[in-house]
$ cat my_file-v6.cif   # mmCIF, C-alpha atoms
data_protein
#
loop_
_atom_site.label_atom_id
_atom_site.label_comp_id
_atom_site.auth_asym_id
_atom_site.auth_seq_id
_atom_site.Cartn_x
_atom_site.Cartn_y
_atom_site.Cartn_z
CA MET A 1 261.96 50.95 120.19
CA SER A 2 262.25 47.22 119.36
CA ARG A 3 264.74 45.49 117.12
CA VAL A 4 266.12 42.05 116.26
CA VAL A 5 268.49 40.94 119.01
CA HIS A 6 269.05 37.22 118.33
CA ILE A 7 268.80 35.05 115.23
CA GLY A 8 269.29 31.38 114.37
CA HIS A 9 268.89 29.39 111.17
CA GLY A 10 269.62 26.08 109.50
CA THR A 11 268.65 23.82 106.65
CA ASP A 12 268.89 20.08 105.97
CA THR A 13 268.18 17.79 103.03
CA GLY A 14 266.28 15.29 105.19
CA LYS A 15 266.42 11.51 104.96
CA LYS A 16 264.55 10.85 101.72
CA ARG A 17 265.59 13.54 99.24
CA ARG A 18 268.89 13.75 97.43
CA ARG A 19 268.88 17.55 96.99
CA ASN A 20 267.79 20.50 99.06
CA GLU A 21 265.20 22.62 97.25
CA ASP A 22 264.76 25.01 100.21
CA GLU A 23 266.32 28.49 100.38
CA TYR A 24 266.28 31.12 103.09
CA VAL A 25 267.25 34.75 103.57
CA VAL A 26 268.66 36.20 106.79
CA GLN A 27 269.43 39.88 106.22
CA PRO A 28 268.07 41.68 109.30
CA PRO A 29 265.56 43.24 109.34
CA LEU A 30 264.52 41.05 106.39
CA PHE A 31 263.93 37.30 106.70
CA ALA A 32 262.40 34.79 104.31
CA ILE A 33 262.02 31.13 103.46
CA ALA A 34 261.27 29.43 100.13
CA ASP A 35 260.48 25.80 99.31
CA GLY A 36 260.94 25.01 95.62
CA MET A 37 258.99 22.53 93.51
CA GLY A 38 259.02 21.16 89.99
CA GLY A 39 261.69 18.49 90.22
CA ALA A 40 265.08 18.57 91.89
CA GLN A 41 266.96 21.03 89.69
CA ALA A 42 263.92 23.17 88.83
CA GLY A 43 262.84 23.32 92.47
CA GLU A 44 266.30 24.43 93.53
CA LEU A 45 266.32 27.04 90.79
CA ALA A 46 262.90 28.44 91.68
CA SER A 47 263.66 28.91 95.36
CA SER A 48 267.12 30.31 94.55
CA LEU A 49 265.68 32.90 92.14
CA ALA A 50 263.03 33.93 94.68
CA ALA A 51 265.57 34.30 97.47
CA GLY A 52 267.89 36.20 95.15
CA ALA A 53 265.18 38.76 94.45
CA LEU A 54 265.07 39.56 98.17
CA ARG A 55 268.83 39.66 98.63
CA ASP A 56 269.15 42.11 95.72
CA ASP A 57 266.62 44.39 97.41
CA GLU A 58 268.80 45.09 100.45
CA GLY A 59 268.93 48.74 101.39
CA ARG A 60 266.04 49.93 99.21
CA ALA A 61 263.39 52.28 100.53
CA GLY A 62 260.00 51.17 101.78
CA SER A 63 258.59 49.36 104.76
CA GLY A 64 255.64 47.39 106.05
CA GLU A 65 253.16 45.28 104.15
CA ARG A 66 253.54 47.21 100.92
CA ARG A 67 257.24 46.47 100.72
CA VAL A 68 256.99 42.75 101.52
CA SER A 69 254.21 42.46 98.93
CA GLU A 70 256.47 44.13 96.34
CA LEU A 71 259.27 41.73 97.24
CA ILE A 72 256.98 38.75 96.65
CA GLN A 73 255.86 40.21 93.31
CA GLU A 74 259.46 40.68 92.15
CA ALA A 75 260.36 37.15 93.23
CA ASN A 76 257.34 35.84 91.32
CA ARG A 77 258.34 37.80 88.22
CA ARG A 78 261.84 36.32 88.19
CA VAL A 79 260.69 32.73 88.66
CA TYR A 80 257.90 33.01 86.08
CA GLN A 81 260.16 34.65 83.51
CA ARG A 82 262.79 31.92 83.83
CA SER A 83 260.13 29.21 83.69
CA SER A 84 258.69 30.75 80.51
CA GLU A 85 262.08 31.07 78.78
CA ASP A 86 263.71 27.79 79.87
CA ALA A 87 261.96 24.62 78.76
CA SER A 88 263.84 22.55 81.33
CA ALA A 89 262.38 24.73 84.09
CA SER A 90 258.83 24.89 82.78
CA GLY A 91 256.23 24.50 85.52
CA MET A 92 258.60 25.20 88.38
CA GLY A 93 257.50 27.26 91.36
CA THR A 94 258.17 27.91 95.01
CA THR A 95 256.49 28.82 98.25
CA MET A 96 257.68 31.96 100.00
CA THR A 97 257.13 33.53 103.41
CA VAL A 98 258.72 36.94 104.00
CA ALA A 99 259.06 38.86 107.27
CA LEU A 100 260.24 42.45 107.60
CA VAL A 101 260.88 43.85 111.07
CA GLY A 102 259.83 47.48 111.47
CA ASP A 103 259.21 49.91 114.28
CA GLY A 104 257.01 48.00 116.73
CA ALA A 105 255.71 45.47 114.21
CA VAL A 106 256.67 42.71 111.79
CA ALA A 107 255.13 42.77 108.30
CA PHE A 108 254.55 39.45 106.55
CA ALA A 109 253.82 38.36 102.99
CA HIS A 110 253.04 34.71 102.37
CA VAL A 111 252.36 32.30 99.49
CA GLY A 112 252.19 28.50 99.76
CA ASP A 113 252.51 26.10 102.68
CA SER A 114 255.70 27.23 104.37
CA ARG A 115 254.80 28.85 107.68
CA ALA A 116 255.46 31.67 110.13
CA TYR A 117 255.00 31.20 113.88
CA LEU A 118 255.12 33.42 116.95
CA ILE A 119 256.37 32.10 120.29
CA ARG A 120 255.11 34.39 123.06
CA ASP A 121 254.45 33.70 126.75
CA GLY A 122 255.25 30.02 126.31
CA LYS A 123 252.73 29.51 123.49
CA LEU A 124 253.25 28.64 119.83
CA GLU A 125 250.91 30.46 117.41
CA GLN A 126 250.74 29.79 113.67
CA LEU A 127 250.51 33.16 111.92
CA THR A 128 250.12 32.10 108.28
CA GLU A 129 247.42 30.03 106.61
CA ASP A 130 248.53 27.22 104.32
CA HIS A 131 247.57 27.62 100.68
CA SER A 132 247.06 23.89 100.24
CA LEU A 133 244.34 21.47 99.26
CA VAL A 134 244.07 19.81 102.66
CA ALA A 135 244.10 23.16 104.48
CA GLU A 136 241.15 24.33 102.37
CA LEU A 137 239.29 21.12 103.10
CA VAL A 138 239.97 21.47 106.83
CA ARG A 139 238.81 25.09 106.83
CA SER A 140 235.60 24.10 105.04
CA GLY A 141 234.94 21.30 107.56
CA LYS A 142 235.26 18.54 104.95
CA LEU A 143 238.41 17.11 106.49
CA SER A 144 239.64 16.80 110.06
CA PRO A 145 243.17 17.90 111.01
CA GLU A 146 243.99 14.25 111.75
CA GLU A 147 242.81 13.16 108.29
CA ALA A 148 244.77 16.00 106.68
CA GLY A 149 248.03 14.58 108.02
CA THR A 150 247.65 11.36 106.02
CA HIS A 151 245.65 12.61 103.03
CA PRO A 152 247.10 11.29 99.72
CA GLN A 153 247.04 14.80 98.22
CA ARG A 154 248.60 16.64 101.15
CA SER A 155 251.45 17.79 98.90
CA VAL A 156 249.09 19.74 96.62
CA ILE A 157 249.22 23.51 97.12
CA THR A 158 246.79 26.04 95.70
CA ARG A 159 249.10 29.05 95.41
CA ALA A 160 252.80 29.37 94.55
CA LEU A 161 255.33 31.80 93.11
CA GLY A 162 256.30 31.43 89.48
CA THR A 163 253.37 29.45 88.12
CA ASP A 164 251.47 32.53 86.86
CA PRO A 165 252.48 36.05 85.81
CA ASP A 166 250.76 37.49 88.88
CA VAL A 167 250.56 36.22 92.45
CA ASP A 168 248.26 37.17 95.31
CA PRO A 169 250.15 36.99 98.62
CA ASP A 170 248.56 37.15 102.06
CA THR A 171 249.90 40.25 103.82
CA PHE A 172 249.51 41.22 107.47
CA SER A 173 251.40 42.75 110.38
CA ILE A 174 251.99 41.62 113.96
CA GLU A 175 252.69 44.14 116.71
CA THR A 176 255.74 43.05 118.66
CA GLU A 177 256.67 42.86 122.32
CA PRO A 178 260.17 42.44 123.78
CA GLY A 179 260.95 38.74 123.99
CA ASP A 180 258.82 37.75 120.98
CA LEU A 181 260.40 34.93 119.01
CA PHE A 182 259.39 34.42 115.37
CA MET A 183 260.04 31.26 113.38
CA LEU A 184 259.81 30.73 109.62
CA CYS A 185 259.95 27.11 108.46
CA SER A 186 259.32 24.85 105.49
CA ASP A 187 256.75 22.06 105.68
CA GLY A 188 259.57 19.56 106.06
CA LEU A 189 259.41 20.47 109.75
CA THR A 190 255.68 20.84 110.34
CA SER A 191 254.72 17.69 108.42
CA MET A 192 257.05 15.61 110.60
CA VAL A 193 256.84 17.22 114.06
CA GLU A 194 253.77 18.06 116.16
CA ASP A 195 253.32 21.59 117.48
CA GLU A 196 253.77 20.44 121.09
CA VAL A 197 257.16 18.93 120.27
CA ILE A 198 258.22 22.01 118.29
CA LEU A 199 257.44 24.26 121.25
CA ARG A 200 259.19 21.91 123.69
CA ARG A 201 262.39 21.82 121.64
CA ILE A 202 262.38 25.61 121.32
CA GLU A 203 261.85 26.16 125.04
CA GLU A 204 264.61 23.67 125.86
CA ASN A 205 267.04 25.72 123.74
CA ARG A 206 265.59 29.20 124.25
CA GLY A 207 268.96 30.73 125.04
CA ASP A 208 270.63 29.42 121.85
CA LEU A 209 268.51 29.76 118.72
CA GLN A 210 271.08 27.94 116.62
CA ALA A 211 270.80 24.95 118.96
CA ALA A 212 267.00 25.25 118.75
CA ALA A 213 267.13 25.04 114.95
CA LYS A 214 269.41 22.02 115.16
CA ALA A 215 267.12 20.30 117.69
CA LEU A 216 264.09 20.80 115.43
CA ILE A 217 265.95 19.45 112.40
CA ARG A 218 266.89 16.37 114.40
CA ALA A 219 263.26 15.92 115.46
CA ALA A 220 262.05 16.17 111.85
CA ASN A 221 264.58 13.60 110.69
CA LYS A 222 263.65 11.34 113.59
CA GLY A 223 260.01 11.65 112.52
CA GLY A 224 260.82 10.42 109.01
CA GLY A 225 262.68 13.27 107.30
CA GLU A 226 260.54 12.94 104.20
CA ASP A 227 261.29 16.44 102.92
CA ASN A 228 263.88 19.20 103.14
CA ILE A 229 263.83 21.01 106.48
CA THR A 230 264.61 24.71 106.87
CA ILE A 231 264.18 26.96 109.92
CA VAL A 232 264.80 30.67 110.56
CA PHE A 233 264.48 32.28 114.00
CA PHE A 234 264.57 35.95 114.95
CA GLU A 235 263.92 37.39 118.39
CA ILE A 236 262.68 40.88 119.20
CA GLY A 237 264.19 42.87 122.08
CA GLU A 238 264.61 46.39 123.34
CA GLU A 239 266.82 48.81 121.44
CA THR A 240 270.07 48.94 123.42
CA GLY A 241 272.65 49.95 120.88
CA GLU A 242 274.47 46.63 121.29
CA PRO A 243 275.30 44.63 118.14
CA LEU A 244 273.03 41.86 116.95
CA GLU A 245 273.96 38.48 118.39
CA GLU A 246 274.24 35.96 115.58
CA THR A 247 275.64 32.47 115.62
CA ALA A 248 277.51 31.51 112.48
CA GLN A 249 275.53 29.29 110.14
CA TYR A 250 276.33 25.63 110.60
CA PRO A 251 276.54 23.20 107.66
CA ALA A 252 273.48 21.34 106.44
CA LEU A 253 272.70 18.42 108.73
CA GLY A 254 272.43 14.94 107.32
CA ALA A 255 270.01 12.16 108.05
CA ASP A 256 271.45 11.71 111.53
CA GLY A 257 271.69 15.45 112.10
CA ASP A 258 275.50 15.41 112.09
CA GLY A 259 276.59 16.06 108.54
CA GLU A 260 275.56 16.31 104.93
CA VAL A 261 273.81 13.35 103.34
CA ASP A 262 276.07 11.33 101.09
CA GLU A 263 274.12 10.18 98.04
CA ASP A 264 275.95 6.84 98.12
CA THR A 265 274.86 6.08 101.67
CA LEU A 266 271.11 6.62 101.39
CA ASP A 267 269.23 3.63 102.77
CA GLU A 268 267.17 1.13 100.77
CA LEU A 269 264.01 3.20 101.17
CA ASP A 270 265.49 6.19 99.40
CA HIS A 271 264.89 4.85 95.91
CA VAL A 272 261.17 5.15 96.57
CA PRO A 273 260.05 8.53 95.20
CA THR A 274 258.68 10.92 97.80
CA LEU A 275 255.54 12.98 97.24
CA ASP A 276 256.52 16.06 95.26
CA THR A 277 254.62 19.30 95.58
CA MET A 278 252.20 20.28 92.83
CA VAL A 279 249.97 23.32 92.37
CA VAL A 280 246.28 23.39 91.48
CA PRO A 281 244.05 26.47 91.35
CA PRO A 282 241.90 26.91 94.48
CA GLY A 283 238.71 26.28 92.52
CA GLU A 284 239.96 22.85 91.45
CA ALA A 285 241.05 21.71 94.90
CA GLU A 286 237.88 19.79 95.72
CA GLN A 287 237.84 18.03 92.34
CA VAL A 288 241.43 16.89 92.92
CA ALA A 289 240.51 15.70 96.41
CA GLU A 290 237.52 13.74 95.12
CA ALA A 291 239.60 12.20 92.34
CA SER A 292 242.14 10.98 94.88
CA GLN A 293 239.58 9.11 96.96
CA PRO A 294 239.26 5.35 96.37
CA LYS A 295 236.32 4.53 94.09
CA PRO A 296 233.63 2.12 95.36
CA ARG A 297 234.18 -1.37 94.03
CA ARG A 298 231.61 -2.67 91.58
CA ARG A 299 230.05 -6.01 92.28
CA SER A 300 231.47 -8.64 90.02
CA ARG A 301 229.21 -9.93 87.24
CA ILE A 302 231.45 -12.92 86.53
CA VAL A 303 230.01 -15.27 89.17
CA PRO A 304 226.31 -14.74 88.23
CA ALA A 305 227.11 -15.21 84.54
CA LEU A 306 228.98 -18.45 85.25
CA LEU A 307 226.11 -19.72 87.37
CA LEU A 308 223.59 -19.05 84.59
CA MET A 309 225.82 -20.87 82.13
CA LEU A 310 226.03 -23.93 84.39
CA ILE A 311 222.26 -23.96 84.85
CA ALA A 312 221.77 -23.75 81.06
CA LEU A 313 224.18 -26.64 80.52
CA ALA A 314 222.40 -28.69 83.16
CA VAL A 315 219.02 -28.06 81.52
CA LEU A 316 220.49 -28.95 78.12
CA ALA A 317 221.93 -32.18 79.53
CA VAL A 318 218.56 -33.18 80.99
CA VAL A 319 216.81 -32.47 77.66
CA LEU A 320 219.38 -34.50 75.69
CA TRP A 321 219.20 -37.36 78.18
CA THR A 322 215.40 -37.37 77.94
CA LEU A 323 215.45 -37.40 74.14
CA HIS A 324 218.10 -40.09 74.09
CA GLY A 325 216.06 -42.19 76.50
CA ARG A 326 213.06 -42.06 74.17
#
$ encode --input "my_file-v6.cif" --output "structure tokens"
Amino acid sequence: MSRVVHIGHGTDTGKKRRRNEDEYVVQPPLFAIADGMGGAQAGELASSLAAGALRDDEGRAGSGERRVSELIQEANRRVYQRSSEDASASGMGTTMTVALVGDGAVAFAHVGDSRAYLIRDGKLEQLTEDHSLVAELVRSGKLSPEEAGTHPQRSVITRALGTDPDVDPDTFSIETEPGDLFMLCSDGLTSMVEDEVILRRIEENRGDLQAAAKALIRAANKGGGEDNITIVFFEIGEETGEPLEETAQYPALGADGDGEVDEDTLDELDHVPTLDTMVVPPGEAEQVAEASQPKPRRRSRIVPALLLMLIALAVLAVVLWTLHGR
């Protein structure tokens, strides 16, 4: 029988944001990550409500995909209800990726563009599909992965918790093997760090998952730190009866990876607003993408009009000169 034998986790505000709108849950065998949106306070509230729904569920019956789907639905209900009742929180939402370790498998439920990965046999595999505009365009062949990384609407997601009374999560299960390492993360990591670098940093710190989380946060900040960064690791091993090995959570890392960001010490670039996440229905994704593309410039009509005016004046001058000469 398999079980969780090691865990690691950490979160950081990043270099460009003043608040951390990410939340995560580490309550083995339940793990989750949420990335809030809708403005600083509303984003924090949305992810906090979603995470709270999972924490309150500890010890209840149920397992597998059905349970993680129910957890997502309850989280959605809480965020949507608060958004409907509180005008200051109207329009808020959050991504959420939930993992529940069972007997020989991990069940997942997923909404948004946070991600779940599996590290097995030295390879990094993305398990979830992003519910985002650029991901849809890449899947349809209308955008290359390279273009997606710099697309002006890359912060637009097509599915989130709390924006509608009902939500449709992706659910699936992964059969586990001893030594499997799972990672949940917000897009503050994956938008800043390439997969090859992520895998390298994990392998370099494979024996200390807390150090691995810290190394990835440093890499994301080094890459720009444009968003909050949150990482959760859990490793599967054989059932031995020994207690779970967990490193105590370290404080949020700041821009240099060594302490919390002080709002008074943000650099001169920090007053520039970063791209905030917004949600559009999947059917409207392409229209949003087309609207974001630069429009072709129209040829100016000013120069031709001026030329015609000069020609007319010249003709008039010749006529007047001729009449005057007579």
$ closest_residue --input "my_file-v6.cif" --among "A:Ser84, A:Cys185, A:Val315, A:Glu129" --to "Asn228 of chain A" --atoms "all atoms listed in the file"
A:Cys185
$ residues_around --input "my_file-v6.cif" --residues "segment 49-54 of chain A" --least-positions-apart "2" --cutoff "7 Å" --atoms "all atoms listed in the file" --output "VMD selection string"
chain A and resid 23 to 25 45 to 47 56 to 57 71 74 to 76 78 to 79
$ closest_residue --input "my_file-v6.cif" --among "A:Arg120, A:Thr163, A:Leu100, A:Leu30" --to "Arg77 of chain A" --atoms "all atoms listed in the file"
A:Thr163
$ atom_distance --input "my_file-v6.cif" --atom1 "atom CA of Val111 of chain A" --atom2 "atom CA of Arg200 of chain A"
27.2 Å
$ closest_residue --input "my_file-v6.cif" --among "A:Ser48, A:Ser191, A:Ser173, A:Thr97" --to "Ser114 of chain A" --atoms "all atoms listed in the file"
A:Thr97
$ closest_residue --input "my_file-v6.cif" --among "A:Glu204, A:Asp187, A:Asp180, A:Asp86" --to "Phe234 of chain A" --atoms "all atoms listed in the file"
A:Asp180
$ residues_around --input "my_file-v6.cif" --residues "Phe172 of chain A" --least-positions-apart "6" --cutoff "7 Å" --atoms "all atoms listed in the file" --output "PyMOL selection string"
chain A and resi 65+107-109
$ closest_residue --input "my_file-v6.cif" --among "A:Asn20, A:Ser2, A:Thr158, A:Thr13" --to "Glu177 of chain A" --atoms "all atoms listed in the file"
A:Ser2
$ residues_near_point --input "my_file-v6.cif" --point "(271.0, 30.6, 119.0)" --cutoff "8 Å" --atoms "only C-alpha atoms" --output "list in words"
His6, Ile7, Gly8, Asn205, Arg206, Gly207, Asp208, Leu209, Gln210, Ala211, Ala212, Ala213, Glu246 and Thr247 of chain A
$ closest_residue --input "my_file-v6.cif" --among "A:Met192, A:Ala99, A:Leu323, A:Ala317" --to "Pro28 of chain A" --atoms "only C-alpha atoms"
A:Ala99
$ residues_around --input "my_file-v6.cif" --residues "Gly224 of chain A" --least-positions-apart "2" --cutoff "10 Å" --atoms "all atoms listed in the file" --output "PDB file with C-alpha atoms, in the frame of the given file"
ATOM      1  CA  GLY A  14     266.280  15.290 105.190  1.00  0.00           C
ATOM      2  CA  LYS A  15     266.420  11.510 104.960  1.00  0.00           C
ATOM      3  CA  LYS A  16     264.550  10.850 101.720  1.00  0.00           C
ATOM      4  CA  GLY A 188     259.570  19.560 106.060  1.00  0.00           C
ATOM      5  CA  SER A 191     254.720  17.690 108.420  1.00  0.00           C
ATOM      6  CA  MET A 192     257.050  15.610 110.600  1.00  0.00           C
ATOM      7  CA  VAL A 193     256.840  17.220 114.060  1.00  0.00           C
ATOM      8  CA  ALA A 219     263.260  15.920 115.460  1.00  0.00           C
ATOM      9  CA  ALA A 220     262.050  16.170 111.850  1.00  0.00           C
ATOM     10  CA  ASN A 221     264.580  13.600 110.690  1.00  0.00           C
ATOM     11  CA  LYS A 222     263.650  11.340 113.590  1.00  0.00           C
ATOM     12  CA  GLU A 226     260.540  12.940 104.200  1.00  0.00           C
ATOM     13  CA  ASP A 227     261.290  16.440 102.920  1.00  0.00           C
ATOM     14  CA  ALA A 255     270.010  12.160 108.050  1.00  0.00           C
TER      15      ALA A 255
END
$ atom_distance --input "my_file-v6.cif" --atom1 "atom CA of Ile119 of chain A" --atom2 "atom CA of Pro29 of chain A"
18.1 Å
$ atom_distance --input "my_file-v6.cif" --atom1 "atom CA of Ile217 of chain A" --atom2 "atom CA of Ile229 of chain A"
6.5 Å
$ residues_around --input "my_file-v6.cif" --residues "Gly104 of chain A" --least-positions-apart "2" --cutoff "7 Å" --atoms "only C-alpha atoms" --output "VMD selection string"
chain A and resid 1 to 2 102 175 to 176
$ write_last_selection --input "my_file-v6.cif" --atoms "C-alpha atoms" --output "PDB file, in the frame of the given file"
ATOM      1  CA  MET A   1     261.960  50.950 120.190  1.00  0.00           C
ATOM      2  CA  SER A   2     262.250  47.220 119.360  1.00  0.00           C
ATOM      3  CA  GLY A 102     259.830  47.480 111.470  1.00  0.00           C
ATOM      4  CA  GLU A 175     252.690  44.140 116.710  1.00  0.00           C
ATOM      5  CA  THR A 176     255.740  43.050 118.660  1.00  0.00           C
TER       6      THR A 176
END
$ build_atoms --input "my_file-v6.cif" --residues "segment 73-88 of chain A" --atoms "N, CA and C atoms" --output "CSV table (one decimal), in the frame of the given file"
chain,number,residue,atom,x,y,z
A,73,GLN,N,256.2,40.0,94.7
A,73,GLN,CA,255.9,40.2,93.3
A,73,GLN,C,257.1,40.1,92.4
A,74,GLU,N,258.2,40.7,92.9
A,74,GLU,CA,259.5,40.7,92.2
A,74,GLU,C,260.0,39.3,92.1
A,75,ALA,N,259.9,38.5,93.2
A,75,ALA,CA,260.4,37.2,93.2
A,75,ALA,C,259.5,36.3,92.2
A,76,ASN,N,258.2,36.6,92.2
A,76,ASN,CA,257.3,35.8,91.3
A,76,ASN,C,257.7,36.1,89.9
A,77,ARG,N,258.0,37.4,89.6
A,77,ARG,CA,258.3,37.8,88.2
A,77,ARG,C,259.6,37.1,87.7
A,78,ARG,N,260.6,37.0,88.6
A,78,ARG,CA,261.8,36.3,88.2
A,78,ARG,C,261.6,34.8,87.9
A,79,VAL,N,260.9,34.2,88.8
A,79,VAL,CA,260.7,32.7,88.7
A,79,VAL,C,259.8,32.5,87.4
A,80,TYR,N,258.8,33.2,87.2
A,80,TYR,CA,257.9,33.0,86.1
A,80,TYR,C,258.6,33.3,84.8
A,81,GLN,N,259.4,34.3,84.7
A,81,GLN,CA,260.2,34.6,83.5
A,81,GLN,C,261.1,33.5,83.1
A,82,ARG,N,261.8,33.0,84.1
A,82,ARG,CA,262.8,31.9,83.8
A,82,ARG,C,262.0,30.7,83.4
A,83,SER,N,260.9,30.4,84.1
A,83,SER,CA,260.1,29.2,83.7
A,83,SER,C,259.6,29.3,82.3
A,84,SER,N,259.3,30.5,81.8
A,84,SER,CA,258.7,30.8,80.5
A,84,SER,C,259.8,30.7,79.4
A,85,GLU,N,261.0,31.0,79.8
A,85,GLU,CA,262.1,31.1,78.8
A,85,GLU,C,262.9,29.8,78.7
A,86,ASP,N,262.9,29.0,79.8
A,86,ASP,CA,263.7,27.8,79.9
A,86,ASP,C,262.8,26.6,79.9
A,87,ALA,N,262.8,25.8,78.8
A,87,ALA,CA,262.0,24.6,78.8
A,87,ALA,C,262.2,23.6,79.9
A,88,SER,N,263.5,23.5,80.3
A,88,SER,CA,263.8,22.6,81.3
A,88,SER,C,263.3,23.0,82.7
